[in-house]
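Shown here: coords_27.pdb, PDB, C-alpha atoms.
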```pdb
ATOM      1  CA  MET A   3     -26.470 -28.839  47.508
ATOM      2  CA  SER A   4     -26.881 -27.587  43.932
ATOM      3  CA  LYS A   5     -25.785 -24.045  43.112
ATOM      4  CA  PHE A   6     -28.320 -21.389  42.093
ATOM      5  CA  ILE A   7     -28.565 -19.264  38.965
ATOM      6  CA  ALA A   8     -29.700 -15.667  39.444
ATOM      7  CA  ILE A   9     -32.102 -14.130  36.908
ATOM      8  CA  ALA A  10     -32.350 -10.362  36.497
ATOM      9  CA  VAL A  11     -35.990  -9.712  35.566
ATOM     10  CA  GLY A  12     -35.481  -7.607  32.446
ATOM     11  CA  ASP A  13     -38.428  -5.869  30.813
ATOM     12  CA  ILE A  14     -41.566  -7.200  32.545
ATOM     13  CA  ASN A  15     -43.546  -6.493  29.352
ATOM     14  CA  GLY A  16     -41.169  -8.456  27.138
ATOM     15  CA  ILE A  17     -40.934 -12.093  26.130
ATOM     16  CA  GLY A  18     -38.092 -13.001  28.516
ATOM     17  CA  ILE A  19     -40.131 -13.245  31.719
ATOM     18  CA  GLU A  20     -42.914 -15.141  29.919
ATOM     19  CA  LEU A  21     -40.478 -17.785  28.686
ATOM     20  CA  LEU A  22     -38.849 -18.038  32.105
ATOM     21  CA  ILE A  23     -42.098 -18.700  33.952
ATOM     22  CA  LYS A  24     -43.169 -21.318  31.392
ATOM     23  CA  LYS A  25     -39.879 -23.152  31.790
ATOM     24  CA  ILE A  26     -40.141 -23.110  35.585
ATOM     25  CA  GLU A  27     -43.736 -24.371  35.414
ATOM     26  CA  ASN A  28     -42.829 -27.303  33.178
ATOM     27  CA  LYS A  29     -39.730 -28.019  35.306
ATOM     28  CA  ARG A  30     -37.237 -27.366  32.512
ATOM     29  CA  LEU A  31     -35.390 -24.892  34.749
ATOM     30  CA  LYS A  32     -34.335 -25.714  38.294
ATOM     31  CA  ASN A  33     -32.472 -23.862  41.044
ATOM     32  CA  ILE A  34     -33.447 -20.523  39.505
ATOM     33  CA  ILE A  35     -33.926 -17.381  41.600
ATOM     34  CA  LEU A  36     -35.623 -14.376  40.004
ATOM     35  CA  PHE A  37     -34.492 -10.947  41.193
ATOM     36  CA  THR A  38     -37.462  -8.588  41.172
ATOM     37  CA  ASN A  39     -39.773  -6.484  43.271
ATOM     38  CA  LEU A  40     -42.450  -8.762  44.737
ATOM     39  CA  LEU A  41     -45.402  -6.464  44.008
ATOM     40  CA  ILE A  42     -44.350  -6.005  40.387
ATOM     41  CA  ILE A  43     -44.039  -9.736  39.730
ATOM     42  CA  LYS A  44     -47.346 -10.436  41.531
ATOM     43  CA  LYS A  45     -49.075  -7.890  39.313
ATOM     44  CA  TYR A  46     -47.552  -9.512  36.233
ATOM     45  CA  ILE A  47     -48.600 -13.044  37.252
ATOM     46  CA  LYS A  48     -52.145 -11.836  37.875
ATOM     47  CA  LYS A  49     -52.150 -10.151  34.461
ATOM     48  CA  ILE A  50     -51.175 -13.360  32.639
ATOM     49  CA  ASN A  51     -53.631 -15.375  34.783
ATOM     50  CA  ARG A  52     -51.079 -17.898  36.072
ATOM     51  CA  LYS A  53     -51.479 -19.882  39.284
ATOM     52  CA  ILE A  54     -47.893 -20.155  40.418
ATOM     53  CA  GLU A  55     -46.803 -20.077  44.037
ATOM     54  CA  LEU A  56     -44.108 -17.621  45.068
ATOM     55  CA  ASN A  57     -41.388 -18.019  47.653
ATOM     56  CA  ILE A  58     -39.273 -15.165  49.018
ATOM     57  CA  VAL A  59     -35.694 -16.402  49.399
ATOM     58  CA  ASN A  60     -34.274 -13.339  51.206
ATOM     59  CA  LYS A  61     -36.477 -13.435  54.281
ATOM     60  CA  SER A  62     -33.779 -12.218  56.654
ATOM     61  CA  ASN A  63     -30.934  -9.701  56.600
ATOM     62  CA  LYS A  64     -28.422 -12.537  56.554
ATOM     63  CA  ASN A  65     -26.970 -14.212  53.472
ATOM     64  CA  ASP A  66     -29.222 -17.234  53.931
ATOM     65  CA  ILE A  67     -31.239 -18.288  50.871
ATOM     66  CA  PHE A  68     -34.595 -19.902  51.718
ATOM     67  CA  PHE A  69     -35.173 -21.800  48.489
ATOM     68  CA  LYS A  70     -38.245 -23.974  47.876
ATOM     69  CA  LYS A  71     -38.652 -26.512  45.084
ATOM     70  CA  LYS A  72     -41.773 -26.289  42.869
ATOM     71  CA  TYR A  73     -42.083 -22.551  43.604
ATOM     72  CA  LEU A  74     -41.137 -19.427  41.703
ATOM     73  CA  ASN A  75     -38.325 -18.328  43.994
ATOM     74  CA  ILE A  76     -38.049 -14.552  44.309
ATOM     75  CA  TYR A  77     -35.244 -12.400  45.646
ATOM     76  CA  ASN A  78     -37.384  -9.429  46.678
ATOM     77  CA  LEU A  79     -35.952  -5.947  46.151
ATOM     78  CA  LYS A  80     -37.205  -2.369  46.368
ATOM     79  CA  ALA A  81     -38.386  -0.725  43.133
ATOM     80  CA  LYS A  82     -40.994   1.952  42.391
ATOM     81  CA  ASN A  83     -41.566   1.084  38.727
ATOM     82  CA  ASN A  84     -40.604  -1.369  35.975
ATOM     83  CA  GLU A  85     -37.489   0.536  34.890
ATOM     84  CA  GLU A  86     -36.120   0.826  38.419
ATOM     85  CA  ASN A  87     -36.910  -2.873  38.871
ATOM     86  CA  ILE A  88     -34.724  -3.680  35.849
ATOM     87  CA  ILE A  89     -31.708  -1.766  37.150
ATOM     88  CA  GLN A  90     -32.057  -2.982  40.737
ATOM     89  CA  SER A  91     -32.364  -6.592  39.623
ATOM     90  CA  ILE A  92     -29.089  -6.336  37.667
ATOM     91  CA  LYS A  93     -27.304  -4.651  40.590
ATOM     92  CA  TYR A  94     -28.492  -7.131  43.210
ATOM     93  CA  GLY A  95     -28.009 -10.104  40.887
ATOM     94  CA  HIS A  96     -24.432  -9.033  40.171
ATOM     95  CA  LYS A  97     -23.681  -8.438  43.846
ATOM     96  CA  ILE A  98     -24.962 -11.781  45.084
ATOM     97  CA  CYS A  99     -23.206 -13.727  42.320
ATOM     98  CA  LYS A 100     -19.954 -11.970  43.180
ATOM     99  CA  PHE A 101     -20.064 -12.481  46.929
ATOM    100  CA  ASN A 102     -22.298 -15.496  47.577
ATOM    101  CA  LYS A 103     -20.712 -18.840  46.712
ATOM    102  CA  LYS A 104     -24.131 -20.477  46.429
ATOM    103  CA  PHE A 105     -24.583 -18.893  42.971
ATOM    104  CA  LYS A 106     -23.062 -20.011  39.665
ATOM    105  CA  GLY A 107     -23.906 -16.991  37.573
ATOM    106  CA  LEU A 108     -26.370 -14.393  36.339
ATOM    107  CA  ILE A 109     -28.804 -14.386  33.422
ATOM    108  CA  THR A 110     -30.051 -10.903  32.568
ATOM    109  CA  LEU A 111     -33.303 -11.009  30.629
ATOM    110  CA  PRO A 112     -33.629  -8.561  27.702
ATOM    111  CA  ILE A 113     -34.452  -4.900  28.296
ATOM    112  CA  ARG A 114     -35.372  -1.769  26.355
ATOM    113  CA  LYS A 115     -32.427   0.587  26.685
ATOM    114  CA  ASP A 116     -34.415   3.634  25.578
ATOM    115  CA  LEU A 117     -36.754   3.314  28.589
ATOM    116  CA  ILE A 118     -33.828   3.104  31.006
ATOM    117  CA  ILE A 119     -32.223   6.145  29.384
ATOM    118  CA  LYS A 120     -35.480   8.108  29.489
ATOM    119  CA  LYS A 121     -36.594   7.220  33.023
ATOM    120  CA  ILE A 122     -33.506   6.179  35.009
ATOM    121  CA  ASP A 123     -30.110   7.144  33.604
ATOM    122  CA  LYS A 124     -29.349   9.294  30.539
ATOM    123  CA  ARG A 125     -25.824   7.846  30.410
ATOM    124  CA  PHE A 126     -26.980   4.207  30.226
ATOM    125  CA  VAL A 127     -25.543   2.477  27.149
ATOM    126  CA  GLY A 128     -26.325  -1.203  27.598
ATOM    127  CA  GLN A 129     -26.195  -4.118  30.017
ATOM    128  CA  THR A 130     -22.672  -5.136  28.946
ATOM    129  CA  GLU A 131     -21.232  -1.713  29.714
ATOM    130  CA  PHE A 132     -23.306  -1.385  32.896
ATOM    131  CA  LEU A 133     -22.001  -4.693  34.259
ATOM    132  CA  GLN A 134     -18.433  -3.860  33.239
ATOM    133  CA  LYS A 135     -18.714  -0.688  35.332
ATOM    134  CA  LEU A 136     -20.335  -2.540  38.252
ATOM    135  CA  ASP A 137     -17.480  -5.042  38.184
ATOM    136  CA  CYS A 138     -14.848  -2.254  37.991
ATOM    137  CA  LYS A 139     -13.215  -3.730  34.888
ATOM    138  CA  SER A 140     -11.256  -1.687  32.340
ATOM    139  CA  VAL A 141     -11.706  -4.364  29.670
ATOM    140  CA  ALA A 142     -14.707  -6.607  28.982
ATOM    141  CA  ASN A 143     -15.865  -8.299  25.805
ATOM    142  CA  MET A 144     -19.339  -8.792  24.383
ATOM    143  CA  ILE A 145     -19.189 -12.390  23.164
ATOM    144  CA  PHE A 146     -21.908 -14.214  21.227
ATOM    145  CA  ILE A 147     -22.077 -17.993  21.355
ATOM    146  CA  TYR A 148     -24.057 -20.452  19.273
ATOM    147  CA  LYS A 149     -23.008 -24.103  19.410
ATOM    148  CA  LYS A 150     -19.271 -24.023  18.495
ATOM    149  CA  LEU A 151     -19.426 -20.593  16.893
ATOM    150  CA  ILE A 152     -18.005 -17.708  18.974
ATOM    151  CA  ILE A 153     -18.211 -14.130  17.681
ATOM    152  CA  THR A 154     -17.314 -10.791  19.277
ATOM    153  CA  PRO A 155     -17.273  -7.115  18.267
ATOM    154  CA  LEU A 156     -14.304  -4.987  19.375
ATOM    155  CA  THR A 157     -16.626  -2.048  19.981
ATOM    156  CA  THR A 158     -20.158  -2.311  21.323
ATOM    157  CA  HIS A 159     -22.857   0.370  21.559
ATOM    158  CA  ILE A 160     -21.186   3.384  19.943
ATOM    159  CA  ASN A 161     -21.889   5.512  16.860
ATOM    160  CA  LEU A 162     -20.257   4.405  13.610
ATOM    161  CA  ASN A 163     -18.453   7.720  13.258
ATOM    162  CA  LYS A 164     -16.733   7.151  16.622
ATOM    163  CA  ILE A 165     -15.383   3.677  15.864
ATOM    164  CA  LYS A 166     -12.069   4.811  14.356
ATOM    165  CA  ASN A 167     -11.220   7.005  17.338
ATOM    166  CA  ASN A 168     -12.231   4.239  19.711
ATOM    167  CA  ILE A 169     -10.029   1.532  18.226
ATOM    168  CA  SER A 170      -7.167   4.033  17.853
ATOM    169  CA  LYS A 171      -6.771   4.406  21.615
ATOM    170  CA  LYS A 172      -3.439   3.139  22.890
ATOM    171  CA  ASN A 173      -3.464  -0.657  23.364
ATOM    172  CA  PHE A 174      -7.261  -0.831  22.899
ATOM    173  CA  ILE A 175      -7.172  -3.657  20.343
ATOM    174  CA  TYR A 176      -4.178  -5.322  21.985
ATOM    175  CA  ASN A 177      -5.854  -5.438  25.419
ATOM    176  CA  LYS A 178      -9.046  -6.790  23.874
ATOM    177  CA  ILE A 179      -7.060  -9.587  22.203
ATOM    178  CA  LEU A 180      -5.273 -10.442  25.469
ATOM    179  CA  SER A 181      -8.611 -10.587  27.272
ATOM    180  CA  LEU A 182     -10.189 -12.784  24.600
ATOM    181  CA  ASN A 183      -7.244 -15.160  24.611
ATOM    182  CA  TYR A 184      -7.529 -15.537  28.391
ATOM    183  CA  THR A 185     -11.315 -16.046  28.179
ATOM    184  CA  LEU A 186     -11.033 -18.784  25.573
ATOM    185  CA  LYS A 187      -8.544 -20.636  27.762
ATOM    186  CA  ASN A 188     -10.125 -20.043  31.157
ATOM    187  CA  ASP A 189     -13.855 -20.117  30.340
ATOM    188  CA  PHE A 190     -14.036 -22.368  27.282
ATOM    189  CA  GLY A 191     -11.145 -24.745  27.927
ATOM    190  CA  ILE A 192      -9.381 -24.032  24.616
ATOM    191  CA  ASN A 193      -5.658 -24.544  25.234
ATOM    192  CA  LYS A 194      -4.272 -22.775  22.163
ATOM    193  CA  PRO A 195      -6.957 -20.387  20.874
ATOM    194  CA  LYS A 196      -6.893 -19.227  17.275
ATOM    195  CA  ILE A 197      -8.310 -15.749  16.747
ATOM    196  CA  LEU A 198      -9.338 -14.163  13.436
ATOM    197  CA  ILE A 199      -9.967 -10.413  13.109
ATOM    198  CA  SER A 200     -11.870  -8.590  10.387
ATOM    199  CA  GLY A 201     -11.072  -5.259   8.773
ATOM    200  CA  ILE A 202     -13.215  -2.185   9.135
ATOM    201  CA  ASN A 203     -13.291  -1.209   5.453
ATOM    202  CA  PRO A 204     -14.535  -3.170   2.411
ATOM    203  CA  HIS A 205     -11.975  -5.841   1.451
ATOM    204  CA  ALA A 206      -9.999  -4.947   4.616
ATOM    205  CA  CYS A 207      -8.905  -1.774   2.767
ATOM    206  CA  GLU A 208      -7.207  -3.716  -0.072
ATOM    207  CA  ASN A 209      -3.731  -2.367   0.698
ATOM    208  CA  GLY A 210      -4.906   1.178   1.272
ATOM    209  CA  LEU A 211      -7.317   1.431  -1.645
ATOM    210  CA  PHE A 212     -10.365   1.790   0.652
ATOM    211  CA  GLY A 213      -8.921   3.486   3.721
ATOM    212  CA  LYS A 214      -5.831   3.147   5.926
ATOM    213  CA  GLU A 215      -7.259   1.889   9.253
ATOM    214  CA  GLU A 216      -6.189  -1.708   8.694
ATOM    215  CA  LEU A 217      -2.601  -0.724   7.891
ATOM    216  CA  LYS A 218      -2.135   1.978  10.517
ATOM    217  CA  ILE A 219      -4.302   0.796  13.424
ATOM    218  CA  ILE A 220      -5.312  -2.862  13.270
ATOM    219  CA  LYS A 221      -2.246  -4.637  11.826
ATOM    220  CA  PRO A 222       0.296  -3.200  14.313
ATOM    221  CA  GLU A 223      -1.865  -4.338  17.260
ATOM    222  CA  ILE A 224      -2.243  -7.822  15.783
ATOM    223  CA  SER A 225       1.539  -8.030  15.233
ATOM    224  CA  LYS A 226       2.178  -6.988  18.837
ATOM    225  CA  ALA A 227      -0.154  -9.709  20.124
ATOM    226  CA  TYR A 228       1.318 -12.319  17.776
ATOM    227  CA  LYS A 229       4.841 -11.519  19.021
ATOM    228  CA  ASN A 230       3.540 -12.287  22.515
ATOM    229  CA  LYS A 231       2.653 -15.817  21.386
ATOM    230  CA  ILE A 232      -1.065 -15.218  20.830
ATOM    231  CA  ASN A 233      -2.407 -16.968  17.721
ATOM    232  CA  VAL A 234      -4.202 -14.006  16.164
ATOM    233  CA  TYR A 235      -4.567 -13.430  12.425
ATOM    234  CA  GLY A 236      -5.941 -10.776  10.089
ATOM    235  CA  PRO A 237      -7.332  -8.373   9.333
ATOM    236  CA  ILE A 238      -9.341  -9.956   6.553
ATOM    237  CA  SER A 239     -12.418  -8.751   4.725
ATOM    238  CA  GLY A 240     -15.514  -8.893   6.947
ATOM    239  CA  ASP A 241     -17.495 -10.757   4.280
ATOM    240  CA  SER A 242     -14.872 -13.545   4.212
ATOM    241  CA  MET A 243     -14.760 -14.215   7.948
ATOM    242  CA  LEU A 244     -17.399 -16.912   8.369
ATOM    243  CA  THR A 245     -16.548 -19.370   5.637
ATOM    244  CA  ASN A 246     -16.815 -23.071   6.445
ATOM    245  CA  GLU A 247     -13.027 -23.337   6.243
ATOM    246  CA  ASN A 248     -12.510 -20.546   8.751
ATOM    247  CA  ILE A 249     -15.203 -21.830  11.116
ATOM    248  CA  ASN A 250     -13.372 -25.149  11.273
ATOM    249  CA  LYS A 251      -9.971 -23.483  11.694
ATOM    250  CA  PHE A 252     -10.518 -20.627  14.176
ATOM    251  CA  ASP A 253     -11.982 -20.517  17.690
ATOM    252  CA  ILE A 254     -13.297 -16.942  17.710
ATOM    253  CA  PHE A 255     -14.162 -14.321  15.104
ATOM    254  CA  VAL A 256     -13.485 -10.709  16.058
ATOM    255  CA  PHE A 257     -15.383  -8.061  14.125
ATOM    256  CA  ILE A 258     -14.659  -4.361  14.511
ATOM    257  CA  TYR A 259     -18.122  -3.075  15.350
ATOM    258  CA  HIS A 260     -21.480  -4.208  16.715
ATOM    259  CA  ASP A 261     -23.651  -4.802  13.632
ATOM    260  CA  GLN A 262     -20.770  -6.206  11.609
ATOM    261  CA  ALA A 263     -20.739  -9.072  14.137
ATOM    262  CA  LEU A 264     -24.435  -9.341  14.966
ATOM    263  CA  ILE A 265     -25.874  -9.542  11.449
ATOM    264  CA  PRO A 266     -24.202 -12.872  10.532
ATOM    265  CA  PHE A 267     -24.541 -14.194  14.088
ATOM    266  CA  LYS A 268     -28.303 -13.691  14.270
ATOM    267  CA  LEU A 269     -28.727 -15.114  10.781
ATOM    268  CA  LEU A 270     -26.871 -18.290  11.776
ATOM    269  CA  SER A 271     -28.218 -18.666  15.319
ATOM    270  CA  GLN A 272     -31.857 -17.747  14.589
ATOM    271  CA  PHE A 273     -32.225 -16.092  18.021
ATOM    272  CA  SER A 274     -30.973 -19.197  19.852
ATOM    273  CA  GLY A 275     -27.603 -17.694  20.728
ATOM    274  CA  VAL A 276     -26.182 -16.401  23.996
ATOM    275  CA  ASN A 277     -24.645 -13.024  24.832
ATOM    276  CA  PHE A 278     -21.775 -13.508  27.319
ATOM    277  CA  THR A 279     -19.857 -10.691  29.022
ATOM    278  CA  SER A 280     -16.295 -11.899  29.503
ATOM    279  CA  ASN A 281     -13.598 -10.782  31.934
ATOM    280  CA  LEU A 282     -16.003 -10.196  34.837
ATOM    281  CA  ASP A 283     -15.649 -11.754  38.274
ATOM    282  CA  ILE A 284     -19.093 -13.279  37.754
ATOM    283  CA  ILE A 285     -20.501 -15.321  34.868
ATOM    284  CA  ARG A 286     -23.086 -13.141  33.105
ATOM    285  CA  VAL A 287     -25.086 -14.202  30.061
ATOM    286  CA  SER A 288     -28.248 -13.014  28.328
ATOM    287  CA  PRO A 289     -30.621 -14.448  25.689
ATOM    288  CA  ASP A 290     -30.130 -12.779  22.321
ATOM    289  CA  HIS A 291     -33.819 -12.664  21.301
ATOM    290  CA  GLY A 292     -34.550  -9.185  22.700
ATOM    291  CA  THR A 293     -37.831  -8.096  24.283
ATOM    292  CA  ALA A 294     -39.855  -9.294  21.260
ATOM    293  CA  TYR A 295     -43.083  -7.500  22.240
ATOM    294  CA  LYS A 296     -44.857  -8.811  19.135
ATOM    295  CA  LEU A 297     -44.486 -12.403  20.340
ATOM    296  CA  VAL A 298     -45.763 -11.863  23.887
ATOM    297  CA  GLY A 299     -48.793 -14.046  24.671
ATOM    298  CA  LYS A 300     -48.778 -15.773  21.267
ATOM    299  CA  ASN A 301     -46.911 -18.941  22.253
ATOM    300  CA  LYS A 302     -44.598 -18.561  19.262
ATOM    301  CA  ALA A 303     -41.301 -17.506  20.885
ATOM    302  CA  SER A 304     -38.478 -20.033  21.143
ATOM    303  CA  ASP A 305     -37.016 -20.844  24.547
ATOM    304  CA  LYS A 306     -33.739 -22.172  23.076
ATOM    305  CA  SER A 307     -31.741 -19.032  23.834
ATOM    306  CA  LEU A 308     -32.815 -19.057  27.494
ATOM    307  CA  LEU A 309     -31.989 -22.755  27.891
ATOM    308  CA  ASN A 310     -28.650 -22.215  26.143
ATOM    309  CA  CYS A 311     -27.879 -19.468  28.679
ATOM    310  CA  VAL A 312     -28.148 -22.027  31.464
ATOM    311  CA  ASN A 313     -25.940 -24.460  29.538
ATOM    312  CA  ILE A 314     -23.250 -21.820  28.972
ATOM    313  CA  ILE A 315     -23.237 -20.820  32.656
ATOM    314  CA  ASN A 316     -22.811 -24.469  33.641
ATOM    315  CA  LYS A 317     -19.994 -24.946  31.124
ATOM    316  CA  ILE A 318     -18.058 -21.818  32.138
ATOM    317  CA  TYR A 319     -18.597 -22.461  35.854
ATOM    318  CA  LYS A 320     -17.200 -25.964  35.445
ATOM    319  CA  ASN A 321     -14.154 -24.716  33.493
ATOM    320  CA  ARG A 322     -13.402 -21.924  35.975
ATOM    321  CA  LYS A 323     -13.702 -24.333  38.881
ATOM    322  CA  LYS A 324     -11.350 -26.791  37.174
ATOM    323  CA  ILE A 325      -8.690 -24.100  36.698
ATOM    324  CA  ALA A 326      -9.132 -22.780  40.254
ATOM    325  CA  ASN A 327      -8.521 -26.279  41.624
ATOM    326  CA  LYS A 328      -5.268 -26.786  39.705
TER
END
```
Go through the file and emit its structure as C-alpha cells.
Amino acid sequence: MSKFIAIAVGDINGIGIELLIKKIENKRLKNIILFTNLLIIKKYIKKINRKIELNIVNKSNKNDIFFKKKYLNIYNLKAKNNEENIIQSIKYGHKICKFNKKFKGLITLPIRKDLIIKKIDKRFVGQTEFLQKLDCKSVANMIFIYKKLIITPLTTHINLNKIKNNISKKNFIYNKILSLNYTLKNDFGINKPKILISGINPHACENGLFGKEELKIIKPEISKAYKNKINVYGPISGDSMLTNENINKFDIFVFIYHDQALIPFKLLSQFSGVNFTSNLDIIRVSPDHGTAYKLVGKNKASDKSLLNCVNIINKIYKNRKKIANK
C-alpha cells in the first residue's frame, strides 16, 4: 500500500488550503491526509462553496488509518479556533509521521506567526524552530530548495543585532556545517558535498576593512570543518555567492542570516521553492509562498511550490530508505 503524506492545515484564511483542495479535487495530489479540526474545515468548505466529500481517517483510538480515495481525508483533532488548529495540526502531524510507518512526511502549510504569538504562544518564533523543539534536536537547518539550487541561512528568525552573538557561540557554525554535510549525503544522495559560506559584512570584511567577524568567527570554524574532511569553503562576499560558476561548482550555499539567503532565493524561485527542515526524525517541508491573502479566491496563485513539496518528500524518503537498507 502507498504511504501517506500528512498536511498541517496552516492558516485557514490563506492561500495554502485553497491550493491544496484544488489539487485534491483535480486528482493532482493523492494519499494526502489533512490534519485539522473537522468543524473548522467544514465551515471553510461551506464558505468557498465547494462540494467535496470528507472522510475521517482516525475513527478509532487505535493507530488504524481509514483512508478513502476520491475524498478529502481528514485527521480530526480538537481545536477551539483557527490559531489553536494551526498549532495542533503541526503537533499531531509531527507525532504521527514520527511514530506511524504509514507516513512519508509532513507538509506544513503557511501560517501567520504574529497571530500565533498574539493568541497562543508569546515565545513562538516560527515553524522551523517549533518543529526543532518538538523533535528534541539541538541542531536543525532551514534549507530552501529550487530545482538543483540549495540555500540555507545559518541563523533563522532573530534580530539583526543578535546575529553576531548567535554565530559566536561555541561550535555553532561548526555544528551547522556538520549537520548540513550529513543532510546532503543522507537526504539528497550527494556523496562528496561542496559547501560555500558567505561573509556577514560587505565584501566578506575585505581583510578587516569592514569588520572582523569573518576573520575571528567564521574562518576558524570553516578551517575546523575542513580539517575534518568536509569540503567547505569561504567566507566570500554575499553578493558573489550565486554566480553561474559557483552554482555549477557547489552543492549548497550557506548565508549568515535569514534575508541574506531568502532575497536571492525568492527572486530565482519565484515562489516555487520548498522550505525543508533538516536533521529531524521526520521529513518536514513547507511551500515558500506564504499565506498570500491578496491572492485568495482570485485563481492567480501558483501551485508549483505545493507540488514541489510532495516531490521533495518523495525524493528524501527514497534516499533515507536506501541508506537505511544498506
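Between A:Lys82 and the candidates A:Ala227, A:Leu41, A:Leu182, A:Leu56, the tightest atom-to-atom separation, counting only C-alpha atoms, involves A:Leu41.
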### Surrounding residues of A:Asn177 excluding itself and chain neighbours under 5 positions, 10 Å, all atoms listed in the file, as a ChimeraX atom specification
/A:140-142,172,182-183,223,227
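With distances restricted to only C-alpha atoms, A:Lys196 is the closest residue to A:Asn250 from A:Lys164, A:Lys139, A:Lys196, A:Lys97.
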### Message
List as a VMD selection string the protein and nucleic acid residues near A:Lys187, meaning an atom at most 10 Å away when all atoms listed in the file are counted, but skip any in the same chain fewer than 5 places from it.
### Response
chain A and resid 182 192 to 195 321 to 322 325
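What the PyMOL selection byres ((chain A and resi 166) around 12) matches in the given file is Leu156, Thr157, Ile160, Asn161, Leu162, Asn163, Lys164, Ile165, Asn167, Asn168, Ile169, Ser170, Lys171, Phe174, Ile175, Gly201, Ile202, Asn203, Gly213, Lys214, Glu215, Glu216, Lys218, Ile219, Ile220, Ile258 and Tyr259 of chain A.
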### Query
Which residues, written as number ranges by chain, have at least one atom at most 10 Å from A:Lys106, with all atoms listed in the file counted and residues fewer than 2 positions away on the same chain left out?
A: 4-8, 99-100, 102-104, 108, 284-286, 312, 315-316, 318-320
Generate a file of the selected residues that holds C-alpha atoms, formatted as a PDB file, keeping the file's coordinate frame.
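The resulting file, selection-v2.pdb, is reproduced below:
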```
ATOM      1  CA  SER A   4     -26.881 -27.587  43.932  1.00  0.00           C
ATOM      2  CA  LYS A   5     -25.785 -24.045  43.112  1.00  0.00           C
ATOM      3  CA  PHE A   6     -28.320 -21.389  42.093  1.00  0.00           C
ATOM      4  CA  ILE A   7     -28.565 -19.264  38.965  1.00  0.00           C
ATOM      5  CA  ALA A   8     -29.700 -15.667  39.444  1.00  0.00           C
ATOM      6  CA  CYS A  99     -23.206 -13.727  42.320  1.00  0.00           C
ATOM      7  CA  LYS A 100     -19.954 -11.970  43.180  1.00  0.00           C
ATOM      8  CA  ASN A 102     -22.298 -15.496  47.577  1.00  0.00           C
ATOM      9  CA  LYS A 103     -20.712 -18.840  46.712  1.00  0.00           C
ATOM     10  CA  LYS A 104     -24.131 -20.477  46.429  1.00  0.00           C
ATOM     11  CA  LEU A 108     -26.370 -14.393  36.339  1.00  0.00           C
ATOM     12  CA  ILE A 284     -19.093 -13.279  37.754  1.00  0.00           C
ATOM     13  CA  ILE A 285     -20.501 -15.321  34.868  1.00  0.00           C
ATOM     14  CA  ARG A 286     -23.086 -13.141  33.105  1.00  0.00           C
ATOM     15  CA  VAL A 312     -28.148 -22.027  31.464  1.00  0.00           C
ATOM     16  CA  ILE A 315     -23.237 -20.820  32.656  1.00  0.00           C
ATOM     17  CA  ASN A 316     -22.811 -24.469  33.641  1.00  0.00           C
ATOM     18  CA  ILE A 318     -18.058 -21.818  32.138  1.00  0.00           C
ATOM     19  CA  TYR A 319     -18.597 -22.461  35.854  1.00  0.00           C
ATOM     20  CA  LYS A 320     -17.200 -25.964  35.445  1.00  0.00           C
TER      21      LYS A 320
END
```
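If you look at atom CA of A:Lys93 and atom CA of A:Phe278, they are 16.9 Å away from each other.
Using all atoms listed in the file, the protein and nucleic acid residues lying at most 10 Å from the point (-46.2, -23.3, 36.5) are A:Ile23, A:Lys24, A:Lys25, A:Ile26, A:Glu27, A:Asn28, A:Lys29, A:Arg52, A:Lys53, A:Ile54, A:Glu55, A:Lys72, A:Tyr73, A:Leu74.
The protein and nucleic acid residues lying at most 8 Å from A:Ile238 are Ile199, Ser200, Gly201, His205, Ala206, Gly236, Gly240, Ser242 and Met243 of chain A, with only C-alpha atoms considered and sequence neighbours fewer than 2 positions away removed.
Closest approach to A:Leu186 from the set A:Ile152, A:Ile9, A:Leu282, A:Ala303 is made by A:Ile152, with distances taken over only C-alpha atoms.
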### Task
Extract, using only C-alpha atoms, all DNA, RNA and protein residues at most 10 Å from A:Asn310, discarding same-chain residues fewer than 6 positions from it, and format them as an NGL selection string.
:A and (147-149 or 274-276 or 287-289 or 316)
